[in-house]
Structure formats: structure tokens, C-alpha cells
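Notes follow once the structure below has been shown.
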Amino acid sequence: MRSQGSHGSMLRAPFSIPSPWWRFIGGPPWPFDPHESSGRLESGRSPLAAGLYILGQGPTKPDLLLSPFTCLPTCLPTSLPQGSATPRSSSPPRDSHMAVPLSPTHHEVPHFDLSALLKAKMSRPGSPNSNSDKTTRSSFSSVRENDDGLAQTFTRSKISSYTQGTEEVFDESPTAEIAQPSFQAPLTQPHSRLHGFWYPADNFRGWKQIPIKGKAASRSCEDLHKLSMTWSSPAPVVAKTLDHYATGTTPMERLPSEVLGAIIDLLVVEIPPNGLTTRNADLMALLLTSRSIHAATLNTLYRHVTIPHSRIFRKFLNTVTEYPALASIVRRMDFSHFNPSTIFSTASERAQTRNLTSETLLQCLELTPYLQEFLAQEYIDEDLGPDVLKKLFFGMPRLRALDFCGCASPYFKNSFQSLLQNPWPETLTLTRVSFHKCLSLPASVYEMILPRLKQVTHLDLAGTRVTDLALQSIPETARLTHLNLSKCRELTSETVVKFITSHPSVTQSLAVLSLATIASSHLLLGKADVDAILPRLPSTLRSLSLKGSRMDPSQIPLLTPLVQQLEELAIGRGLELSDIHKLLYQDQQWIPHNLRYLDISDIDTIIGSANALLGPASAPLHVIELEERAYERAAKAKKNLERVGWTAKEFGSRYWLVRMNSDGTTRDNGARWWKMGAESWGMRKIPVAEADVGGMYGTFMFGRRL
């Protein structure tokens, strides 16, 4: 007989007990009417009898074992081996280990040895522990991690872990005062290879939680651990990944603006392509992505504005006029790549369009009050009128860098002279100033400007008419790290030596110093001057150019300590190649040095592939600059140079031998903090803004001799 109901509820549903089950325990353990198809457990039942209820209210099969645990997926057999059941005792002692019947008519419930039950169950023919499994599953392969310190390392074995003995997981110690009958659970699927999985019912409280007339239960939940059966832990909650995000909530959009801006900066193309090719197309695409990325991209687009031709300037001016908020983003205005011939073939055509003029440039400066860097060059010097210069020097308190590289037109000169008629403030906010090759400006301009640069750090006066008075007027509060005095014909050697060796603005901070001249036309430093300068150079110096100065082999001991700190060194006239060898090789061994760049273009010599300077021991020497004839001789033996790891390169009027790696790349990309974005060695012009080298600035830095 079967009762109807639903699974999952304990101690609620009527059930039917098959008569064969009783014969193993000597009768039913609770009041039961065999003439009825079903019966209900009375309130006075024992805990074990309560546990014998089948889980759920569904129909019970005659061959299922009634237990407080559900056995899945293997059912128990309807027959038992001979001798597996023990006759029940007529009067067992009542103790904490036995369930007490309610009345003499009730049958006593024996204590089943569940450990023996599990062992018998695990050793059935269908289990992985049986001999049949060893023969039928001989290809079993066990995989386990190897603890040798390496991740993702595993070992394989043809022996299953199930073949090991299971005795150690069972507690077979007998209970005191009574022998426990052995009981083997019946199986409905004896040939199944699956292990039964036992777990408590949802409403099972454990034996100790069920009171028995005020006494503790005979078994505790700790026994489950002895049987290697533990409570099942809840399944971990798997976080659902979103297939899509709401507007403005993607991970990239939620990044801090500083991080997002740094990522977008990697897409910037600072050097414009040739002609009218569209640049920064990636940034233009980002503008259409979302609001947050649009705002971050605008900051990148307008922070550093590069003007390659006048049409771009007109477009930029129209945009910031219509949207003044965009003008507040601008920090740099770069004309170093400006080329008027890109669109207009003649100056008259350019003048007729009126895209870039002194008036429109002044209007642009008025709209960009937060400008910090203004980079000009010779192609726009006629647009730098008096009002523009006045705005740059007096009307932009946040301006820090100003570059007039190559500006030498008469209009530019007249604009500066008219500017000198205005009252000047005592201090200028400029810290990085370049008048590189401003040949036409009079000395009065420098005598007016230099005394007011109280915080200057970068000063490029190469090829100018700066005088001794102007140089000495540099405030002592300045901290010069970069100073270029090459080809300054108005300076005297005495003033230069005194300034370099004693002026507070350079004695503790100077990193780049150029005193180069063209020896055939002008001599700035003689032998005595070099002797006075070399011992007193600051320890912060990294680049020194004495090109064109008069030198002597006796100065090699003075240069030897400097090569421990210098990365760039340009040698003057009067030395031989053997003297250069002594600088790096003494007492039959190479002297440790820090040189990456060595300029020996003032030495008329021949360097072949067998020269010691090209050997591996000369490392980290990376670049050797030669004069043109020596380069031509070396370039003819290019294969021999490549065989020893060097190659010949030239750009403009400069020539180098460069050390290479075996894969054809250079050993050092040349990037240094004091190069301000430049990577090549031996720059002739001091940069005033950190940017990629290109345009006219690149030509002045690396394409010209001086």
C-alpha cells in the first residue's frame, strides 16, 4: 500500500511499511495495524522511529530504507546477506544509547551500525572500490596539483584515489554495555557505480534537539562527522555579468578624469602629418562616444593646440570665439610646425586670406587667459606685432614658457624695440625662455628682460647679441638647469668663466651647458679658460659642449672625473683620437664612465671598424658624432660597421655612428628628463616645453651644426 503526498516534509505524511522489512528487526517498532494500508506515527515514538520516516509525503516503495537521511541516487536492496540481522533482545537495558518503547506492546528499536552500512555499501560490486571497477576502468587517470611552486602544474596517475582504504574515515569503536547489531541496507540497483549522497532533511533538527522525556538524545550531530557526512554548504552566489550598461555607467566612463585623460592622451598625434591630411581622427571619434568621454577628449584636444597652417588657426579661433569655455582649456599654443607654404604658395596669397595676422593672433590670446606656453618660430615672426608682444609679456600672468626660435625679421625687431618703450614690471612670470637664433634683436632687449627673470630655469641665448652686462644681470634667485650660450659673439671669456664658476643661479643646478662656437670664425674659450671651468662644474651637469674651444692633452685628467657623471660631451679642437682613448682607457683597462654621446667632430680623424671606441668595452657609449669627411669614409665600410654592432646615420648637416642591437634596434632610446621630450642625442637647441620633437624645432635641434 502506498500513501499519496509531496516530498520534502518529515513526520507529516502517512506511509506504508513493507512486511519484509520487519523480519530483520523482529517486528514493527511502533504501533502498526497490518490490516490498514497506512499508519501514522504516534506522539510517543522514539527518535530513531521518527527518523525512519521516509522524507516527503509521496508514495514509498517497498524496497526503500526509512531513514532521517535521504539516500540519492542509489536505493537500498530488498534482501540482505545472511547473518546481517541480529535478533532483538527481550529486555535490553535502558540507557542513553537506546530508544525506549512507549509500552510493552511496542517493539524496541535496535541501534544500527551505520558505519558498517556505509562500508558495505561502498564495497558493493558497482563501487569504484571494487575489483570489477579496477578491471573495467583501467584507463582511469587521476589529476592533482603539484606543489613545486609553479602555478598550473599538475601530475597524472593511473590509480584512482577511490582504491585507497576507507577504514580510517569510520569510527568502529563499540558502544559501552551493549553489542550493536550489524545491518546492511538493501539496494534496488545493485549494479550501480554511483555512491549514495546522504544529507539531512530540510526540517531535521538532529537527535539532540529532539527531547526524550527530559533526557538527551542517544546520538549527536557530531557522529555525522565520524561518518564523513557533513552539512552541505550553500552554493555560492554567482554574480551575474551585465551584457550591457546603462548610459554613462560603463567602467571606462566611471574612471577618474585624471586617469581617463591620461589614457586619451596616448592617442594624441602631436606632430602633424604632411600636407592637409586629417590628424587626431581617433580623438574626433571619441567625441561621439558618450558625454563623459566627450568632456575628457575635449580637454585633450584643446589643452595643447598645434597650428600647422593658417586655416587650422582660423578654425580654432572661430571655435573658441563661439565657445569661450573651450578657450579656458588651452595651455599651449604651438606654432613650431607652422608652414605657410602648405596652402599658399606666396606671401601675398597668405596676406589676402587674413587667417593668421597680428590682429587675429591678439584676439586669440585675449580668449585664452590660462595659456602657459607660447611656441613661435621664424614663419610667424611678422605676425608678432607690438600688441601681441605686450600681451605675452604683460597681460598673461600664467604664461611660463616663451619661445621665439629663429625670429629675426625686421618687423619682429621693430616690435620689440617699441615694446621697450613701455613700463616693465619688476618681475616676469616666465621660467623658460628661448631666443635661439634671434639674430636681429639688439642687446637692449636682453638687458631689459634678463634681470626680471627671477625664477628662470631654461635660457637659450644661442646666436644672440647678449652682452656681458645682460648675462651678469640674471638674478641670483634663478635656478638655471639649461643654459645655451653657443655662438654668442658679444660675450667675453672672462665673463663667461666667472658666471659659470661662481654665479648662484648655476653652481648647484645646471644640467645642460653649451659653450660651443665655430672655431674658424670665433673663439670663446681658450686653454686657460677651459682649465678654469672644468674643475668647477656642478655635479648636476649631464650635458657639456666645449665644441670650438681650444683644448690640450693636458686637460684629459680634468675630463676624466667628468665622464663619470656626464652623458653628453662635445670635445673642442687640439686633441687627437689617441687622447680620446686615454679618456676612456687607461693603464691597460677601460675606465667606467657614463657617456652616451661623444662629439669629436672638431677632430680630423678616421674611425674604422677596428677602432677601440667601437668595441663592446666602450659601452654605454651609444653615439659618436663625426665631421663630414670622417663620416663619408666610415659609411663606405657600412658592412664592417654593422659587423661590430654600429651603423652610420646622418640628418641635415650632422653625422653620427650609432651602436645597434642584434635585432637592429638602438640600445637606448635616449629619453631623459633634461631633454624635455627629445630622444636623440646632441641637441643644439634647448626645449622650453615637454613635447615630441618636430617641425622647425627639430631642424634647429638636430639638423644644424650650431
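All residue names refer to the C-alpha cells as shown: chains lettered A, B, ... in order, residues numbered from 1 in each chain, ligands numbered from 1 in order.
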
*List the neighbours of Asn339 of chain A out to 7 Å using only C-alpha atoms; skip same-chain residues closer than 5 positions along the sequence, and give me the result as a ChimeraX atom specification.*
/A:308-309,379

From a DSSP pass on the backbone, collect the residues of segment 264-434 of chain A flagged as alpha helix (DSSP H) and hand them back as a compact mmCIF listing (two decimals) with N, CA and C atoms, in the first residue's frame.
```
# COMPACT_ATOMS: atom_id res chain seq x y z
N ILE A 264 43.47 58.89 -22.86
CA ILE A 264 43.17 59.56 -24.12
C ILE A 264 44.40 60.28 -24.66
N ASP A 265 45.28 60.74 -23.77
CA ASP A 265 46.49 61.43 -24.23
C ASP A 265 47.37 60.54 -25.09
N ALA A 281 42.30 61.67 -35.79
CA ALA A 281 41.00 61.10 -36.15
C ALA A 281 40.43 60.26 -35.02
N ASP A 282 41.31 59.63 -34.23
CA ASP A 282 40.83 58.83 -33.11
C ASP A 282 40.16 59.70 -32.06
N LEU A 283 40.72 60.87 -31.82
CA LEU A 283 40.11 61.77 -30.85
C LEU A 283 38.77 62.29 -31.34
N MET A 284 38.67 62.54 -32.62
CA MET A 284 37.40 63.00 -33.16
C MET A 284 36.33 61.92 -33.02
N ALA A 285 36.73 60.67 -33.16
CA ALA A 285 35.77 59.57 -32.98
C ALA A 285 35.34 59.45 -31.52
N LEU A 286 36.26 59.72 -30.59
CA LEU A 286 35.92 59.64 -29.17
C LEU A 286 34.90 60.70 -28.78
N ARG A 291 28.99 61.30 -23.13
CA ARG A 291 29.18 62.63 -22.57
C ARG A 291 30.48 62.73 -21.77
N SER A 292 30.73 61.75 -20.91
CA SER A 292 31.93 61.81 -20.07
C SER A 292 33.19 61.71 -20.91
N ILE A 293 33.22 60.80 -21.87
CA ILE A 293 34.39 60.67 -22.74
C ILE A 293 34.51 61.89 -23.64
N HIS A 294 33.38 62.46 -24.04
CA HIS A 294 33.41 63.69 -24.84
C HIS A 294 34.10 64.81 -24.07
N ALA A 295 33.76 64.95 -22.79
CA ALA A 295 34.37 66.02 -21.99
C ALA A 295 35.86 65.78 -21.80
N ALA A 296 36.24 64.53 -21.53
CA ALA A 296 37.67 64.23 -21.35
C ALA A 296 38.45 64.42 -22.65
N THR A 297 37.83 64.08 -23.77
CA THR A 297 38.51 64.24 -25.06
C THR A 297 38.68 65.71 -25.42
N LEU A 298 37.69 66.52 -25.10
CA LEU A 298 37.82 67.96 -25.34
C LEU A 298 39.01 68.53 -24.58
N ASN A 299 39.20 68.06 -23.37
CA ASN A 299 40.34 68.54 -22.58
C ASN A 299 41.67 68.19 -23.25
N THR A 300 41.74 66.99 -23.82
CA THR A 300 42.97 66.59 -24.52
C THR A 300 43.15 67.36 -25.82
N LEU A 301 42.07 67.58 -26.54
CA LEU A 301 42.16 68.26 -27.83
C LEU A 301 42.58 69.72 -27.69
N TYR A 302 42.07 70.39 -26.67
CA TYR A 302 42.28 71.83 -26.56
C TYR A 302 43.35 72.22 -25.55
N ARG A 303 43.90 71.25 -24.80
CA ARG A 303 44.94 71.62 -23.84
C ARG A 303 46.21 72.05 -24.55
N SER A 310 47.59 78.17 -41.52
CA SER A 310 46.71 79.26 -41.12
C SER A 310 45.24 78.87 -41.12
N ARG A 311 44.84 77.92 -41.95
CA ARG A 311 43.43 77.52 -41.98
C ARG A 311 43.02 76.86 -40.66
N ILE A 312 43.92 76.08 -40.09
CA ILE A 312 43.65 75.47 -38.79
C ILE A 312 43.52 76.56 -37.72
N PHE A 313 44.36 77.58 -37.81
CA PHE A 313 44.27 78.66 -36.84
C PHE A 313 42.93 79.38 -36.94
N ARG A 314 42.46 79.65 -38.15
CA ARG A 314 41.17 80.31 -38.33
C ARG A 314 40.05 79.45 -37.77
N LYS A 315 40.10 78.17 -38.02
CA LYS A 315 39.07 77.28 -37.49
C LYS A 315 39.09 77.26 -35.96
N PHE A 316 40.29 77.22 -35.39
CA PHE A 316 40.41 77.23 -33.93
C PHE A 316 39.89 78.54 -33.36
N LEU A 317 40.23 79.65 -33.98
CA LEU A 317 39.78 80.95 -33.49
C LEU A 317 38.26 81.06 -33.54
N ASN A 318 37.65 80.60 -34.61
CA ASN A 318 36.19 80.65 -34.71
C ASN A 318 35.53 79.79 -33.63
N THR A 319 36.14 78.65 -33.33
CA THR A 319 35.56 77.75 -32.33
C THR A 319 35.61 78.36 -30.94
N VAL A 320 36.76 78.88 -30.53
CA VAL A 320 36.87 79.43 -29.17
C VAL A 320 36.11 80.75 -29.06
N THR A 321 35.88 81.43 -30.18
CA THR A 321 35.05 82.63 -30.13
C THR A 321 33.60 82.27 -29.87
N GLU A 322 33.14 81.20 -30.50
CA GLU A 322 31.76 80.77 -30.31
C GLU A 322 31.58 80.05 -28.97
N PRO A 324 33.55 80.10 -25.64
CA PRO A 324 34.67 80.59 -24.81
C PRO A 324 35.12 79.59 -23.75
N ALA A 325 34.23 78.69 -23.35
CA ALA A 325 34.63 77.70 -22.34
C ALA A 325 35.76 76.81 -22.84
N LEU A 326 35.77 76.54 -24.13
CA LEU A 326 36.85 75.72 -24.68
C LEU A 326 38.19 76.46 -24.62
N ALA A 327 38.15 77.77 -24.74
CA ALA A 327 39.39 78.54 -24.69
C ALA A 327 40.04 78.47 -23.31
N ALA A 347 53.55 84.75 -50.30
CA ALA A 347 53.19 85.52 -49.12
C ALA A 347 51.99 86.42 -49.38
N SER A 348 51.82 86.87 -50.61
CA SER A 348 50.68 87.74 -50.93
C SER A 348 49.36 86.99 -50.80
N GLU A 349 49.34 85.74 -51.23
CA GLU A 349 48.12 84.94 -51.08
C GLU A 349 47.78 84.75 -49.60
N ARG A 350 48.79 84.52 -48.82
CA ARG A 350 48.56 84.34 -47.39
C ARG A 350 48.03 85.64 -46.77
N ALA A 351 48.55 86.77 -47.20
CA ALA A 351 48.10 88.05 -46.64
C ALA A 351 46.66 88.35 -47.02
N GLN A 352 46.24 87.91 -48.19
CA GLN A 352 44.88 88.19 -48.63
C GLN A 352 43.84 87.39 -47.85
N THR A 353 44.20 86.22 -47.42
CA THR A 353 43.22 85.40 -46.68
C THR A 353 42.98 85.92 -45.28
N SER A 358 48.53 89.69 -37.11
CA SER A 358 48.79 90.21 -35.78
C SER A 358 47.49 90.46 -35.03
N GLU A 359 46.44 90.89 -35.76
CA GLU A 359 45.16 91.17 -35.12
C GLU A 359 44.46 89.88 -34.67
N THR A 360 44.42 88.89 -35.55
CA THR A 360 43.75 87.64 -35.17
C THR A 360 44.53 86.90 -34.08
N LEU A 361 45.86 87.01 -34.09
CA LEU A 361 46.64 86.37 -33.04
C LEU A 361 46.40 87.04 -31.69
N LEU A 362 46.29 88.36 -31.69
CA LEU A 362 45.98 89.07 -30.44
C LEU A 362 44.60 88.69 -29.94
N GLN A 363 43.63 88.58 -30.85
CA GLN A 363 42.29 88.16 -30.47
C GLN A 363 42.31 86.77 -29.84
N CYS A 364 43.13 85.90 -30.38
CA CYS A 364 43.23 84.55 -29.84
C CYS A 364 43.83 84.56 -28.43
N LEU A 365 44.84 85.39 -28.21
CA LEU A 365 45.45 85.48 -26.89
C LEU A 365 44.48 86.06 -25.86
N GLU A 366 43.63 86.97 -26.30
CA GLU A 366 42.64 87.54 -25.39
C GLU A 366 41.64 86.49 -24.93
N LEU A 367 41.36 85.52 -25.78
CA LEU A 367 40.38 84.48 -25.45
C LEU A 367 40.97 83.33 -24.65
N PRO A 386 53.64 94.59 -31.98
CA PRO A 386 53.85 95.17 -30.64
C PRO A 386 52.75 94.80 -29.67
N ASP A 387 51.49 94.79 -30.12
CA ASP A 387 50.39 94.45 -29.22
C ASP A 387 50.45 92.98 -28.79
N VAL A 388 50.87 92.14 -29.71
CA VAL A 388 50.99 90.71 -29.36
C VAL A 388 52.09 90.52 -28.32
N LEU A 389 53.24 91.15 -28.52
CA LEU A 389 54.33 91.01 -27.56
C LEU A 389 53.97 91.62 -26.21
N LYS A 390 53.25 92.73 -26.24
CA LYS A 390 52.83 93.34 -24.98
C LYS A 390 51.88 92.42 -24.21
N LYS A 391 51.00 91.76 -24.95
CA LYS A 391 50.09 90.83 -24.31
C LYS A 391 50.85 89.65 -23.72
N LEU A 392 51.86 89.16 -24.44
CA LEU A 392 52.61 88.00 -23.97
C LEU A 392 53.42 88.32 -22.72
N PHE A 393 54.04 89.49 -22.67
CA PHE A 393 54.92 89.81 -21.54
C PHE A 393 54.19 90.44 -20.36
N PHE A 394 53.11 91.18 -20.62
CA PHE A 394 52.47 91.93 -19.55
C PHE A 394 51.05 91.46 -19.22
N PRO A 410 62.84 92.09 -39.70
CA PRO A 410 62.84 93.50 -39.26
C PRO A 410 61.57 93.88 -38.51
N TYR A 411 60.43 93.34 -38.93
CA TYR A 411 59.18 93.67 -38.24
C TYR A 411 59.23 93.17 -36.80
N PHE A 412 59.78 92.00 -36.61
CA PHE A 412 59.89 91.45 -35.26
C PHE A 412 60.83 92.30 -34.40
N LYS A 413 61.93 92.75 -35.01
CA LYS A 413 62.88 93.61 -34.29
C LYS A 413 62.23 94.93 -33.89
N ASN A 414 61.49 95.53 -34.81
CA ASN A 414 60.84 96.81 -34.51
C ASN A 414 59.76 96.66 -33.45
N SER A 415 59.08 95.55 -33.47
CA SER A 415 58.04 95.32 -32.46
C SER A 415 58.66 95.25 -31.07
N PHE A 416 59.82 94.62 -30.94
CA PHE A 416 60.48 94.53 -29.64
C PHE A 416 61.02 95.89 -29.19
N GLN A 417 61.53 96.64 -30.13
CA GLN A 417 62.06 97.95 -29.76
C GLN A 417 60.95 98.87 -29.28
N SER A 418 59.79 98.77 -29.90
CA SER A 418 58.65 99.58 -29.42
C SER A 418 58.16 99.08 -28.07
N LEU A 419 58.32 97.81 -27.82
CA LEU A 419 57.90 97.26 -26.52
C LEU A 419 58.78 97.79 -25.40
```

*Write out as a ChimeraX atom specification which residues come within 7 Å of Arg704 of chain A when counting only C-alpha atoms, dropping same-chain ones fewer than 5 positions away.*
/A:652-654,699

_Test item: residues at most 10 Å from segment 553-567 of chain A, only C-alpha atoms, excluding those fewer than 5 positions along its chain, as a PyMOL selection string_ = chain A and resi 511-512+527+530-531+533-535+537-544+574-576+578-580+582-584+591-598+620-622+681-682

For the residues selected in the previous step, produce a file with C-alpha atoms as a PDB file, in the first residue's frame.
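To be explicit, this is the file written out as selection00.pdb:
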```pdb
ATOM      1  CA  ALA A 511      72.262  70.130 -16.056  1.00  0.00           C
ATOM      2  CA  VAL A 512      72.796  71.280 -19.666  1.00  0.00           C
ATOM      3  CA  LYS A 527      93.049  76.702 -22.960  1.00  0.00           C
ATOM      4  CA  VAL A 530      88.853  75.539 -20.133  1.00  0.00           C
ATOM      5  CA  ASP A 531      91.308  74.804 -17.317  1.00  0.00           C
ATOM      6  CA  ILE A 533      85.917  75.819 -15.920  1.00  0.00           C
ATOM      7  CA  LEU A 534      86.420  72.031 -15.869  1.00  0.00           C
ATOM      8  CA  PRO A 535      87.267  71.595 -12.157  1.00  0.00           C
ATOM      9  CA  LEU A 537      81.463  72.403 -12.976  1.00  0.00           C
ATOM     10  CA  PRO A 538      78.498  71.348 -10.796  1.00  0.00           C
ATOM     11  CA  SER A 539      77.854  67.690 -10.061  1.00  0.00           C
ATOM     12  CA  THR A 540      74.355  68.045 -11.518  1.00  0.00           C
ATOM     13  CA  LEU A 541      75.725  68.562 -15.034  1.00  0.00           C
ATOM     14  CA  ARG A 542      74.693  65.954 -17.616  1.00  0.00           C
ATOM     15  CA  SER A 543      75.470  67.603 -20.956  1.00  0.00           C
ATOM     16  CA  LEU A 544      78.536  69.713 -21.728  1.00  0.00           C
ATOM     17  CA  GLY A 574      93.530  70.486 -30.177  1.00  0.00           C
ATOM     18  CA  LEU A 575      93.011  66.834 -29.200  1.00  0.00           C
ATOM     19  CA  GLU A 576      93.777  63.667 -31.103  1.00  0.00           C
ATOM     20  CA  SER A 578      94.547  58.837 -29.022  1.00  0.00           C
ATOM     21  CA  ASP A 579      93.732  61.436 -26.371  1.00  0.00           C
ATOM     22  CA  ILE A 580      90.091  60.387 -26.517  1.00  0.00           C
ATOM     23  CA  LYS A 582      93.052  57.892 -22.838  1.00  0.00           C
ATOM     24  CA  LEU A 583      89.851  59.470 -21.606  1.00  0.00           C
ATOM     25  CA  LEU A 584      88.168  56.065 -21.519  1.00  0.00           C
ATOM     26  CA  ILE A 591      87.610  53.321 -17.129  1.00  0.00           C
ATOM     27  CA  PRO A 592      83.966  53.093 -16.003  1.00  0.00           C
ATOM     28  CA  HIS A 593      82.087  56.024 -17.467  1.00  0.00           C
ATOM     29  CA  ASN A 594      78.567  57.298 -18.067  1.00  0.00           C
ATOM     30  CA  LEU A 595      78.968  58.738 -21.565  1.00  0.00           C
ATOM     31  CA  ARG A 596      76.239  58.022 -24.125  1.00  0.00           C
ATOM     32  CA  TYR A 597      77.151  60.705 -26.650  1.00  0.00           C
ATOM     33  CA  LEU A 598      80.609  61.848 -27.717  1.00  0.00           C
ATOM     34  CA  PRO A 620      77.484  52.523 -22.626  1.00  0.00           C
ATOM     35  CA  LEU A 621      78.812  54.847 -25.333  1.00  0.00           C
ATOM     36  CA  HIS A 622      75.970  54.977 -27.827  1.00  0.00           C
ATOM     37  CA  TRP A 681      71.473  62.858 -28.523  1.00  0.00           C
ATOM     38  CA  GLY A 682      73.378  66.088 -29.046  1.00  0.00           C
TER      39      GLY A 682
END
```

*Give the answer as one residue: which of A:Asp460, A:Asp599, A:Glu568, A:Glu426 has the shortest atom-to-atom distance to Pro475 of chain A, using only C-alpha atoms?*
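Distance minimum relative to Pro475 of chain A lands on A:Glu426.
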
_Show me, as a ChimeraX atom specification, the residues that have an atom within 6 Å of Arg432 of chain A when counting only C-alpha atoms, minus same-chain residues fewer than 5 positions from it._
/A:401,456-458,688

*Identify, on the basis of only C-alpha atoms, every residue whose closest approach to Glu628 of chain A does not exceed 10 Å; exclude the query and any residue fewer than 2 positions from it along the same chain; express the result as a list of chain:residue names.*
A:Ser601, A:Asp604, A:Glu625, A:Leu626, A:Ala630, A:Tyr631, A:Glu632, A:Arg633, A:Ala634, A:Glu650, A:Ser653, A:Arg654, A:Tyr655, A:Trp656

*Neighbours of segment 478-483 of chain A within 9 Å (only C-alpha atoms; same-chain residues fewer than 2 positions away dropped), as an MDAnalysis selection string?*
chainID A and resid 431 453:461 474:476 485 504:515 540:541 674 686

*What separation in Å, quoted to one decimal, exists between atom CA of Thr306 of chain A and atom CA of Asn669 of chain A?*
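A separation of 24.9 Å between them.
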
*Check the DSSP output for the backbone and give back, as a PyMOL selection string, the residues of segment 476-565 of chain A in strand (DSSP E).*
chain A and resi 482-484+512-514+543-545

*Between atom CA of Met551 of chain A and atom CA of Ile571 of chain A, what is the distance, to one decimal in Å?*
8.1 Å
